[in-house]
file target_6.txt (compact mmCIF, C-alpha atoms)
# COMPACT_ATOMS: atom_id res chain seq x y z
CA MET A 1 -6.37 13.45 -43.81
CA ILE A 2 -3.96 10.74 -42.70
CA VAL A 3 -2.43 9.51 -39.52
CA ILE A 4 1.20 8.53 -39.21
CA GLU A 5 3.41 7.57 -36.35
CA PHE A 6 6.69 9.41 -35.81
CA THR A 7 9.78 7.28 -36.25
CA SER A 8 12.26 7.12 -33.39
CA ARG A 9 14.56 9.51 -35.28
CA GLN A 10 11.71 11.99 -35.69
CA ASN A 11 11.00 11.78 -31.97
CA LYS A 12 14.71 12.36 -31.28
CA ILE A 13 14.62 15.42 -33.51
CA ILE A 14 11.66 16.78 -31.56
CA ASP A 15 13.56 16.27 -28.31
CA ILE A 16 16.65 18.02 -29.69
CA VAL A 17 14.64 20.98 -30.99
CA GLN A 18 12.72 21.27 -27.74
CA GLU A 19 15.98 21.51 -25.82
CA ARG A 20 18.03 23.72 -28.11
CA GLU A 21 15.64 25.83 -30.19
CA PRO A 22 16.27 27.67 -32.42
CA ILE A 23 18.51 25.11 -34.08
CA THR A 24 19.49 24.68 -37.73
CA SER A 25 19.16 21.46 -39.70
CA GLN A 26 22.97 21.39 -39.96
CA GLU A 27 23.26 21.39 -36.17
CA ILE A 28 20.61 18.68 -35.81
CA ALA A 29 22.42 16.60 -38.43
CA GLU A 30 25.70 16.90 -36.49
CA ILE A 31 24.10 15.82 -33.23
CA LEU A 32 22.50 12.79 -34.89
CA LYS A 33 25.64 12.07 -36.96
CA VAL A 34 23.73 11.97 -40.26
CA THR A 35 23.76 14.18 -43.35
CA ARG A 36 21.39 17.10 -43.88
CA ALA A 37 19.96 15.26 -46.89
CA THR A 38 19.04 12.32 -44.68
CA LEU A 39 17.13 14.60 -42.36
CA ARG A 40 15.21 16.43 -45.07
CA PRO A 41 12.18 14.05 -45.22
CA ASP A 42 12.03 13.91 -41.41
CA LEU A 43 12.04 17.68 -41.09
CA ALA A 44 9.41 17.93 -43.82
CA ILE A 45 7.12 15.60 -41.91
CA LEU A 46 7.75 17.37 -38.62
CA THR A 47 6.97 20.81 -40.04
CA MET A 48 3.97 19.58 -42.05
CA SER A 49 2.49 17.98 -38.96
CA GLY A 50 2.89 21.20 -37.04
CA ALA A 51 5.28 19.69 -34.49
CA LEU A 52 8.09 22.00 -35.60
CA ASP A 53 8.13 25.44 -37.08
CA ALA A 54 10.93 26.48 -39.46
CA ARG A 55 12.06 30.08 -39.76
CA PRO A 56 14.41 30.92 -42.66
CA LYS A 57 17.94 31.77 -41.56
CA VAL A 58 17.07 31.12 -37.91
CA GLY A 59 16.27 27.44 -37.57
CA TYR A 60 13.66 25.10 -36.18
CA PHE A 61 11.36 25.79 -33.25
CA TYR A 62 9.18 23.47 -31.25
CA THR A 63 5.52 24.49 -31.49
CA GLY A 64 4.22 22.17 -28.83
CA LYS A 65 1.14 21.24 -30.80
CA PRO A 66 1.93 18.22 -32.91
CA HIS A 67 -1.42 16.56 -32.27
CA MET A 68 -4.46 17.41 -34.28
CA ASN A 69 -7.63 15.80 -33.12
CA MET A 70 -8.88 13.60 -35.92
CA LEU A 71 -11.86 12.34 -33.96
CA ALA A 72 -13.06 15.89 -33.36
CA GLN A 73 -12.66 16.70 -37.05
CA GLN A 74 -14.58 13.62 -38.04
CA ALA A 75 -17.31 14.06 -35.44
CA LYS A 76 -17.81 17.73 -36.36
CA ASN A 77 -18.90 16.61 -39.80
CA ILE A 78 -21.50 14.16 -38.52
CA LYS A 79 -24.84 15.86 -38.09
CA VAL A 80 -27.51 14.93 -35.60
CA LYS A 81 -29.89 14.00 -38.43
CA GLU A 82 -27.46 11.35 -39.68
CA ILE A 83 -27.50 9.21 -36.54
CA MET A 84 -30.75 10.13 -34.79
CA SER A 85 -33.54 7.63 -34.05
CA LEU A 86 -37.26 7.98 -34.59
CA PRO A 87 -39.02 9.72 -31.70
CA THR A 88 -41.83 8.15 -29.71
CA VAL A 89 -44.63 10.64 -29.44
CA VAL A 90 -47.93 10.81 -27.51
CA THR A 91 -50.45 13.55 -26.86
CA GLU A 92 -50.97 15.23 -23.47
CA ASP A 93 -54.26 13.51 -22.70
CA VAL A 94 -52.88 9.94 -22.90
CA SER A 95 -52.86 8.22 -19.49
CA VAL A 96 -49.57 7.63 -17.71
CA TYR A 97 -50.30 3.88 -17.92
CA ASN A 98 -50.72 3.97 -21.69
CA ALA A 99 -47.63 6.14 -22.09
CA ILE A 100 -45.62 3.58 -20.09
CA VAL A 101 -46.99 0.77 -22.26
CA THR A 102 -45.99 2.75 -25.36
CA MET A 103 -42.53 3.18 -23.86
CA PHE A 104 -42.18 -0.58 -23.44
CA LEU A 105 -43.60 -1.40 -26.87
CA GLU A 106 -41.19 1.00 -28.56
CA ASP A 107 -38.38 0.03 -26.17
CA THR A 108 -37.41 3.65 -25.68
CA GLY A 109 -36.20 5.58 -22.65
CA ALA A 110 -38.11 8.79 -23.34
CA ILE A 111 -41.56 9.76 -24.58
CA TYR A 112 -42.14 13.12 -26.21
CA VAL A 113 -45.47 14.77 -25.59
CA VAL A 114 -46.83 16.95 -28.37
CA SER A 115 -49.64 19.46 -28.38
CA ASN A 116 -51.01 20.95 -31.62
CA GLY A 117 -48.07 19.60 -33.56
CA SER A 118 -45.31 21.05 -31.40
CA LEU A 119 -43.18 19.81 -28.51
CA ALA A 120 -44.96 20.32 -25.18
CA GLY A 121 -43.06 18.00 -22.83
CA VAL A 122 -40.84 15.01 -22.17
CA VAL A 123 -41.26 12.03 -19.84
CA SER A 124 -38.41 9.67 -19.01
CA ARG A 125 -38.38 6.19 -17.47
CA LYS A 126 -37.21 7.87 -14.27
CA ASP A 127 -40.23 10.23 -14.23
CA PHE A 128 -42.62 7.33 -14.76
CA LEU A 129 -40.97 5.23 -12.05
CA LYS A 130 -41.13 8.10 -9.56
CA ASN A 131 -44.84 8.57 -10.26
CA ALA A 132 -45.62 4.86 -10.35
CA ILE A 133 -44.26 4.27 -6.86
CA GLY A 134 -45.52 7.66 -5.69
CA GLY A 135 -49.01 6.23 -5.62
CA ILE A 136 -50.76 8.16 -8.40
CA ASP A 137 -53.50 6.37 -10.32
CA VAL A 138 -51.58 5.68 -13.52
CA ASN A 139 -54.81 4.84 -15.36
CA LYS A 140 -56.45 8.18 -14.62
CA VAL A 141 -53.64 10.74 -14.57
CA PRO A 142 -52.77 12.07 -18.05
CA VAL A 143 -49.15 12.16 -19.13
CA GLY A 144 -49.42 15.95 -19.40
CA MET A 145 -49.58 16.08 -15.58
CA VAL A 146 -46.26 14.33 -14.97
CA MET A 147 -44.14 15.50 -17.89
CA THR A 148 -41.28 17.98 -17.84
CA ARG A 149 -42.75 20.94 -19.66
CA MET A 150 -41.35 23.36 -22.26
CA PRO A 151 -39.27 25.52 -21.99
CA ASN A 152 -37.45 23.33 -19.44
CA ILE A 153 -36.39 20.84 -22.09
CA THR A 154 -32.98 20.66 -23.71
CA THR A 155 -33.42 20.21 -27.46
CA ILE A 156 -31.13 20.00 -30.44
CA PHE A 157 -31.59 20.95 -34.09
CA LEU A 158 -31.28 18.57 -37.04
CA GLU A 159 -28.28 20.36 -38.48
CA GLU A 160 -26.19 20.54 -35.30
CA ASN A 161 -23.25 18.18 -35.04
CA ILE A 162 -23.06 15.19 -32.76
CA ILE A 163 -20.36 16.67 -30.53
CA GLU A 164 -22.81 19.42 -29.57
CA ALA A 165 -25.44 16.75 -28.91
CA ALA A 166 -23.09 14.71 -26.71
CA ILE A 167 -22.05 17.81 -24.75
CA LYS A 168 -25.69 18.74 -24.09
CA ILE A 169 -26.49 15.20 -22.94
CA VAL A 170 -23.54 15.21 -20.54
CA ASN A 171 -24.01 18.76 -19.21
CA HIS A 172 -27.77 18.51 -18.72
CA GLU A 173 -27.54 14.97 -17.33
CA VAL A 174 -30.25 13.60 -19.63
CA ASP A 175 -30.43 10.30 -21.48
CA SER A 176 -31.64 11.79 -24.75
CA LEU A 177 -32.52 14.99 -26.56
CA PRO A 178 -35.54 15.63 -28.77
CA VAL A 179 -34.32 16.60 -32.24
CA VAL A 180 -36.44 19.53 -33.40
CA GLU A 181 -36.97 22.01 -36.18
CA LYS A 182 -38.56 25.42 -35.98
CA VAL A 183 -42.08 25.75 -37.34
CA THR A 184 -44.61 28.56 -37.24
CA ILE A 185 -47.99 27.56 -35.83
CA ASP A 186 -50.75 30.19 -35.51
CA GLY A 187 -48.15 32.92 -36.04
CA LYS A 188 -45.96 31.66 -33.20
CA GLU A 189 -42.59 30.01 -33.45
CA LYS A 190 -42.75 26.46 -32.13
CA LEU A 191 -40.56 23.35 -32.13
CA LYS A 192 -41.61 20.27 -34.06
CA VAL A 193 -40.16 16.92 -32.93
CA ILE A 194 -38.36 15.15 -35.77
CA GLY A 195 -36.18 12.64 -33.97
CA LYS A 196 -34.37 11.60 -30.85
CA ILE A 197 -30.68 11.43 -30.08
CA SER A 198 -29.60 9.46 -27.05
CA LYS A 199 -26.58 8.04 -25.25
CA SER A 200 -27.34 4.85 -27.21
CA ASN A 201 -26.84 6.69 -30.51
CA ILE A 202 -23.55 8.16 -29.24
CA THR A 203 -22.35 4.78 -27.95
CA LYS A 204 -23.20 3.11 -31.29
CA LEU A 205 -21.40 5.88 -33.16
CA PHE A 206 -18.38 5.44 -30.90
CA VAL A 207 -18.28 1.73 -31.77
CA GLU A 208 -18.63 2.54 -35.50
CA LEU A 209 -15.81 5.09 -35.41
CA CYS A 210 -13.55 2.65 -33.57
CA LYS A 211 -14.00 -0.05 -36.20
CA GLU A 212 -10.96 -0.46 -38.32
CA MET B 1 1.03 9.59 -33.36
CA ILE B 2 0.17 12.63 -35.46
CA VAL B 3 -2.33 13.62 -38.06
CA ILE B 4 -1.46 15.54 -41.16
CA GLU B 5 -3.30 16.56 -44.26
CA PHE B 6 -1.87 15.68 -47.66
CA THR B 7 -0.82 18.65 -49.79
CA SER B 8 -2.31 18.97 -53.25
CA ARG B 9 0.97 17.75 -54.75
CA GLN B 10 0.89 14.68 -52.53
CA ASN B 11 -2.67 13.98 -53.64
CA LYS B 12 -1.56 14.38 -57.27
CA ILE B 13 1.23 11.87 -56.66
CA ILE B 14 -1.28 9.38 -55.26
CA ASP B 15 -3.44 9.82 -58.36
CA ILE B 16 -0.45 9.31 -60.66
CA VAL B 17 0.70 6.19 -58.82
CA GLN B 18 -2.82 4.76 -58.75
CA GLU B 19 -3.03 5.10 -62.51
CA ARG B 20 0.45 4.04 -63.56
CA GLU B 21 1.86 1.77 -60.86
CA PRO B 22 4.61 0.65 -60.68
CA ILE B 23 6.19 4.00 -61.37
CA THR B 24 9.63 5.35 -60.42
CA SER B 25 10.23 8.65 -58.66
CA GLN B 26 12.03 9.84 -61.82
CA GLU B 27 8.87 9.21 -63.87
CA ILE B 28 6.64 10.94 -61.29
CA ALA B 29 9.06 13.91 -61.27
CA GLU B 30 8.85 14.18 -65.05
CA ILE B 31 5.06 14.15 -65.06
CA LEU B 32 4.92 16.84 -62.37
CA LYS B 33 7.79 18.80 -63.98
CA VAL B 34 9.81 18.96 -60.76
CA THR B 35 13.14 17.46 -59.69
CA ARG B 36 13.44 14.14 -57.86
CA ALA B 37 14.92 16.01 -54.90
CA THR B 38 11.77 18.12 -54.66
CA LEU B 39 9.65 14.98 -54.49
CA ARG B 40 11.71 13.23 -51.86
CA PRO B 41 9.89 14.64 -48.77
CA ASP B 42 6.49 14.03 -50.41
CA LEU B 43 7.35 10.43 -51.21
CA ALA B 44 8.67 9.93 -47.69
CA ILE B 45 5.38 11.13 -46.23
CA LEU B 46 3.33 9.03 -48.62
CA THR B 47 5.24 5.84 -47.87
CA MET B 48 5.37 6.50 -44.12
CA SER B 49 1.65 7.03 -44.03
CA GLY B 50 1.09 3.74 -45.80
CA ALA B 51 -0.56 5.38 -48.83
CA LEU B 52 2.25 4.22 -51.11
CA ASP B 53 4.56 1.26 -51.05
CA ALA B 54 8.07 1.54 -52.48
CA ARG B 55 9.89 -1.49 -53.94
CA PRO B 56 13.59 -1.04 -54.73
CA LYS B 57 14.36 -1.01 -58.46
CA VAL B 58 10.67 -1.36 -59.32
CA GLY B 59 8.95 1.79 -58.17
CA TYR B 60 5.97 2.99 -56.19
CA PHE B 61 2.69 1.14 -55.71
CA TYR B 62 -0.62 2.36 -54.36
CA THR B 63 -1.64 0.40 -51.27
CA GLY B 64 -5.13 1.77 -50.95
CA LYS B 65 -4.97 2.02 -47.18
CA PRO B 66 -3.74 5.44 -46.25
CA HIS B 67 -6.05 5.79 -43.25
CA MET B 68 -5.16 4.48 -39.87
CA ASN B 69 -7.80 4.79 -37.21
CA MET B 70 -6.44 7.05 -34.52
CA LEU B 71 -9.56 6.91 -32.40
CA ALA B 72 -9.41 3.12 -32.28
CA GLN B 73 -5.75 3.24 -31.32
CA GLN B 74 -6.45 5.73 -28.57
CA ALA B 75 -9.55 3.96 -27.29
CA LYS B 76 -7.78 0.59 -27.21
CA ASN B 77 -5.41 2.00 -24.62
CA ILE B 78 -8.18 3.21 -22.32
CA LYS B 79 -9.15 0.54 -19.86
CA VAL B 80 -12.56 0.08 -18.30
CA LYS B 81 -11.12 0.79 -14.84
CA GLU B 82 -10.01 4.25 -15.96
CA ILE B 83 -13.45 5.58 -16.76
CA MET B 84 -15.84 3.38 -14.75
CA SER B 85 -18.19 4.72 -12.07
CA LEU B 86 -18.85 3.36 -8.60
CA PRO B 87 -21.49 0.61 -8.55
CA THR B 88 -24.69 0.83 -6.52
CA VAL B 89 -25.11 -2.40 -4.64
CA VAL B 90 -27.88 -3.96 -2.51
CA THR B 91 -28.47 -7.42 -1.08
CA GLU B 92 -31.16 -9.82 -2.35
CA ASP B 93 -33.48 -9.39 0.61
CA VAL B 94 -33.92 -5.61 0.22
CA SER B 95 -37.47 -4.68 -0.83
CA VAL B 96 -38.15 -3.50 -4.37
CA TYR B 97 -39.34 -0.20 -2.88
CA ASN B 98 -36.08 0.36 -0.99
CA ALA B 99 -34.04 -0.64 -4.03
CA ILE B 100 -35.93 1.96 -6.10
CA VAL B 101 -35.32 4.60 -3.44
CA THR B 102 -31.61 3.70 -3.48
CA MET B 103 -31.66 4.04 -7.26
CA PHE B 104 -33.07 7.56 -6.97
CA LEU B 105 -30.74 8.57 -4.15
CA GLU B 106 -27.69 7.42 -6.09
CA ASP B 107 -29.14 8.70 -9.36
CA THR B 108 -28.16 5.55 -11.17
CA GLY B 109 -29.87 3.51 -13.88
CA ALA B 110 -28.92 0.07 -12.55
CA ILE B 111 -28.68 -1.62 -9.17
CA TYR B 112 -26.40 -4.60 -8.67
CA VAL B 113 -27.57 -7.29 -6.30
CA VAL B 114 -24.88 -9.17 -4.41
CA SER B 115 -25.04 -12.36 -2.41
CA ASN B 116 -22.15 -13.50 -0.17
CA GLY B 117 -19.86 -10.93 -1.74
CA SER B 118 -20.42 -11.88 -5.36
CA LEU B 119 -22.65 -10.67 -8.19
CA ALA B 120 -26.06 -12.37 -8.06
CA GLY B 121 -28.24 -10.11 -10.22
CA VAL B 122 -29.00 -6.79 -11.87
CA VAL B 123 -32.11 -4.62 -11.84
CA SER B 124 -32.62 -1.72 -14.22
CA ARG B 125 -35.05 1.22 -14.16
CA LYS B 126 -36.97 -0.65 -16.85
CA ASP B 127 -37.31 -3.78 -14.67
CA PHE B 128 -38.53 -1.70 -11.73
CA LEU B 129 -41.03 0.21 -13.87
CA LYS B 130 -42.43 -3.02 -15.33
CA ASN B 131 -42.92 -4.44 -11.83
CA ALA B 132 -44.23 -1.21 -10.34
CA ILE B 133 -47.06 -0.96 -12.85
CA GLY B 134 -47.49 -4.75 -12.89
CA GLY B 135 -49.15 -4.49 -9.50
CA ILE B 136 -46.67 -6.25 -7.21
CA ASP B 137 -46.43 -5.03 -3.63
CA VAL B 138 -43.15 -3.16 -3.89
CA ASN B 139 -42.84 -3.00 -0.11
CA LYS B 140 -43.04 -6.75 0.39
CA VAL B 141 -41.36 -8.28 -2.66
CA PRO B 142 -37.57 -8.54 -2.28
CA VAL B 143 -35.35 -7.30 -5.10
CA GLY B 144 -34.02 -10.85 -5.53
CA MET B 145 -37.45 -11.80 -6.96
CA VAL B 146 -37.42 -9.27 -9.82
CA MET B 147 -33.76 -9.11 -10.76
CA THR B 148 -32.09 -10.56 -13.83
CA ARG B 149 -30.06 -13.39 -12.39
CA MET B 150 -26.53 -14.67 -13.09
CA PRO B 151 -25.40 -16.12 -15.48
CA ASN B 152 -27.75 -14.07 -17.70
CA ILE B 153 -25.79 -10.88 -17.06
CA THR B 154 -23.26 -9.34 -19.40
CA THR B 155 -20.20 -8.29 -17.40
CA ILE B 156 -16.82 -6.79 -18.20
CA PHE B 157 -13.43 -7.06 -16.50
CA LEU B 158 -11.43 -4.16 -15.09
CA GLU B 159 -8.59 -4.61 -17.56
CA GLU B 160 -10.68 -4.80 -20.74
CA ASN B 161 -10.64 -1.76 -22.98
CA ILE B 162 -13.52 0.59 -23.46
CA ILE B 163 -14.15 -0.40 -27.09
CA GLU B 164 -14.99 -3.90 -25.83
CA ALA B 165 -17.27 -2.35 -23.21
CA ALA B 166 -19.07 -0.18 -25.79
CA ILE B 167 -19.52 -3.15 -28.14
CA LYS B 168 -21.05 -5.26 -25.36
CA ILE B 169 -23.43 -2.44 -24.37
CA VAL B 170 -24.57 -2.05 -27.99
CA ASN B 171 -24.83 -5.75 -28.83
CA HIS B 172 -26.61 -6.77 -25.63
CA GLU B 173 -28.85 -3.68 -25.67
CA VAL B 174 -28.14 -2.77 -22.06
CA ASP B 175 -27.55 0.63 -20.47
CA SER B 176 -24.58 -0.47 -18.37
CA LEU B 177 -22.29 -3.36 -17.50
CA PRO B 178 -21.13 -4.41 -14.04
CA VAL B 179 -17.33 -4.24 -13.92
CA VAL B 180 -16.11 -7.35 -12.16
CA GLU B 181 -13.06 -9.28 -11.06
CA LYS B 182 -12.73 -12.98 -10.40
CA VAL B 183 -12.61 -14.07 -6.77
CA THR B 184 -12.69 -17.47 -5.12
CA ILE B 185 -15.40 -17.87 -2.47
CA ASP B 186 -15.80 -21.21 -0.67
CA GLY B 187 -13.60 -22.84 -3.32
CA LYS B 188 -15.80 -21.59 -6.16
CA GLU B 189 -14.92 -18.97 -8.76
CA LYS B 190 -17.25 -15.98 -8.44
CA LEU B 191 -17.46 -12.43 -9.77
CA LYS B 192 -17.04 -9.50 -7.42
CA VAL B 193 -18.58 -6.17 -8.50
CA ILE B 194 -15.98 -3.40 -8.58
CA GLY B 195 -17.62 -0.76 -10.77
CA LYS B 196 -20.12 0.14 -13.43
CA ILE B 197 -19.62 1.23 -16.99
CA SER B 198 -22.56 2.80 -18.78
CA LYS B 199 -23.58 4.66 -21.90
CA SER B 200 -23.05 7.79 -19.79
CA ASN B 201 -19.38 6.91 -19.28
CA ILE B 202 -18.96 6.28 -23.02
CA THR B 203 -20.75 9.54 -23.91
CA LYS B 204 -18.56 11.50 -21.47
CA LEU B 205 -15.45 9.87 -22.88
CA PHE B 206 -16.58 10.73 -26.40
CA VAL B 207 -16.91 14.38 -25.38
CA GLU B 208 -13.46 14.28 -23.72
CA LEU B 209 -11.82 12.75 -26.79
CA CYS B 210 -13.46 15.34 -29.05
CA LYS B 211 -12.08 18.25 -27.04
CA GLU B 212 -9.29 20.01 -28.83
call {"tool": "encode", "arguments": {"input": "target_6.txt", "output": "structure tokens"}}
result
Amino acid sequence: MIVIEFTSRQNKIIDIVQEREPITSQEIAEILKVTRATLRPDLAILTMSGALDARPKVGYFYTGKPHMNMLAQQAKNIKVKEIMSLPTVVTEDVSVYNAIVTMFLEDTGAIYVVSNGSLAGVVSRKDFLKNAIGGIDVNKVPVGMVMTRMPNITTIFLEENIIEAAIKIVNHEVDSLPVVEKVTIDGKEKLKVIGKISKSNITKLFVELCKE
Amino acid sequence: MIVIEFTSRQNKIIDIVQEREPITSQEIAEILKVTRATLRPDLAILTMSGALDARPKVGYFYTGKPHMNMLAQQAKNIKVKEIMSLPTVVTEDVSVYNAIVTMFLEDTGAIYVVSNGSLAGVVSRKDFLKNAIGGIDVNKVPVGMVMTRMPNITTIFLEENIIEAAIKIVNHEVDSLPVVEKVTIDGKEKLKVIGKISKSNITKLFVELCKE
């Protein structure tokens, strides 16, 4: 996969074809006052890139889709498991105060609450702040009382790609997603928390991909 | 700017040139058992893309840098002002409680504190949470007492590009940056808050750029 920039002659050819399609290479050559041989590499590039379509004995057509999205192609091949962070996990009976302390110690924006090895809930900085100023006794109330509970949690699987993760984060207006895998516990299908993918991971990836 | 995929013959040509550089088109044609005319469009694409370098009367060389970064080129042209959000602003004397309420009402992760029209400080959800559980009287303490104060704030200008914004967010480990412009107040140069750029803006942009 490579990226090239059209030359000014190639852009002129696109304009000509757009206006006068179908048009033969001979006609294009006459307009540009060059030989057909001169145009051959240009037309090869324009058809290879998908900007033009060539039909034998008819001429060139403009397809209108010269741009392929390289970022999308690249990002589709990056899986959640490749850029995810470690999750911060507590059990339901931990006090809100201790969960907040854990959040600060791990410098994370979300705490995942597990019960019997599977994902039971999520608490964000926003949830904690709301409860802290709401006047609850943070030392007595367990985190299980203030968390957002399954199944109201947006999760993502290890093998999904990071575009899907970014779309979920944007659409569900959350800061991060628990990365999960399916496990069977006591004959029931549950979700085990394996990682975390957040806006930070996406922003870091964006910086990486922009590096030249 | 377009993206194309090399054909298998073009990849073969790269391999041949890598091994035997400098090599003439006549020699490449002989190895591939095709005519020079057949190779002309391929060699045009390979030199245009930067994969090969052609020196008159010497032959083709492998440059080793066929990949240009399209994302970086695209992102460099997107300015902070094009994707920023509106800032949420309070004055220094507002109580921590009211600032938190404002934060929830505006559903934002950072409050900017202004004094005489210019940026004086920033408070994040994290700062508020730390103070809320730290036992201060959120109704009495003004936000000016808990904020991170200038000049210890990482800012970005309207005209900077979003790669620079993303790099600052990652390197300074913040969730957002105040977008500012220089103003002169009482003969002194100050920063006026115009917007906010956050990991959310970058994540949304990433999703946009990945759309096909």
call {"tool": "atom_distance", "arguments": {"input": "target_6.txt", "atom1": "atom CA of Lys211 of chain B", "atom2": "atom CA of Ala72 of chain A"}}
result
6.8 Å
call {"tool": "atom_distance", "arguments": {"input": "target_6.txt", "atom1": "atom CA of Thr47 of chain B", "atom2": "atom CA of Ile14 of chain A"}}
result
20.7 Å
call {"tool": "residues_around", "arguments": {"input": "target_6.txt", "residues": "Val94 of chain B", "least_positions_apart": "2", "cutoff": "6 Å", "atoms": "all atoms listed in the file", "output": "PyMOL selection string"}}
result
chain B and resi 91-92+142-143
call {"tool": "write_last_selection", "arguments": {"input": "target_6.txt", "atoms": "C-alpha atoms", "output": "JSON list (two decimals), keeping the file's coordinate frame"}}
result
[["chain", "number", "residue", "atom", "x", "y", "z"],
["B", 91, "THR", "CA", -28.47, -7.42, -1.08],
["B", 92, "GLU", "CA", -31.16, -9.82, -2.35],
["B", 142, "PRO", "CA", -37.57, -8.54, -2.28],
["B", 143, "VAL", "CA", -35.35, -7.30, -5.10]]
call {"tool": "atom_distance", "arguments": {"input": "target_6.txt", "atom1": "atom CA of Ile31 of chain A", "atom2": "atom CA of Leu39 of chain B"}}
result
25.7 Å
call {"tool": "closest_residue", "arguments": {"input": "target_6.txt", "among": "A:Asp175, A:Glu181, A:Glu19, A:Glu27", "to": "Lys199 of chain B", "atoms": "only C-alpha atoms"}}
result
A:Asp175
call {"tool": "closest_residue", "arguments": {"input": "target_6.txt", "among": "A:Met150, A:Ala99, A:Leu158, A:Val180", "to": "chain B", "atoms": "only C-alpha atoms"}}
result
A:Ala99
call {"tool": "residues_near_point", "arguments": {"input": "target_6.txt", "point": "(-43.6, 0.1, -10.3)", "cutoff": "9 Å", "atoms": "all atoms listed in the file", "output": "PyMOL selection string"}}
result
(chain A and resi 128-133) or (chain B and resi 96-97+100+127-138)
call {"tool": "calpha_fit_rmsd", "arguments": {"input": "target_6.txt", "fixed": "chain A", "moving": "chain B"}}
result
0.4 Å
call {"tool": "closest_residue", "arguments": {"input": "target_6.txt", "among": "B:Lys182, B:Arg20, B:Lys204, B:Lys57", "to": "chain A", "atoms": "all atoms listed in the file"}}
result
B:Lys204
call {"tool": "residues_around", "arguments": {"input": "target_6.txt", "residues": "Val123 of chain A", "least_positions_apart": "6", "cutoff": "6 Å", "atoms": "all atoms listed in the file", "output": "MDAnalysis selection string"}}
result
chainID A and resid 110:111 147
call {"tool": "closest_residue", "arguments": {"input": "target_6.txt", "among": "B:Pro87, B:Tyr60, B:Leu46, B:Asp53", "to": "Gln26 of chain B", "atoms": "all atoms listed in the file"}}
result
B:Tyr60
call {"tool": "residues_around", "arguments": {"input": "target_6.txt", "residues": "Val207 of chain B", "least_positions_apart": "2", "cutoff": "10 Å", "atoms": "only C-alpha atoms", "output": "MDAnalysis selection string"}}
result
(chainID A and resid 72 162:170 202) or (chainID B and resid 201:205 209:211)
call {"tool": "closest_residue", "arguments": {"input": "target_6.txt", "among": "A:Phe157, A:Tyr62, A:Tyr112, A:Phe104", "to": "chain B", "atoms": "all atoms listed in the file"}}
result
A:Phe104
call {"tool": "closest_residue", "arguments": {"input": "target_6.txt", "among": "A:Ile28, A:Val101, A:Lys126, A:Thr148", "to": "Val114 of chain A", "atoms": "only C-alpha atoms"}}
result
A:Thr148
call {"tool": "residues_around", "arguments": {"input": "target_6.txt", "residues": "Ser8 of chain A", "least_positions_apart": "5", "cutoff": "12 Å", "atoms": "all atoms listed in the file", "output": "list in words"}}
result
Ile13, Ile14, Asp15, Leu32 and Asp42 of chain A; Met1 of chain B
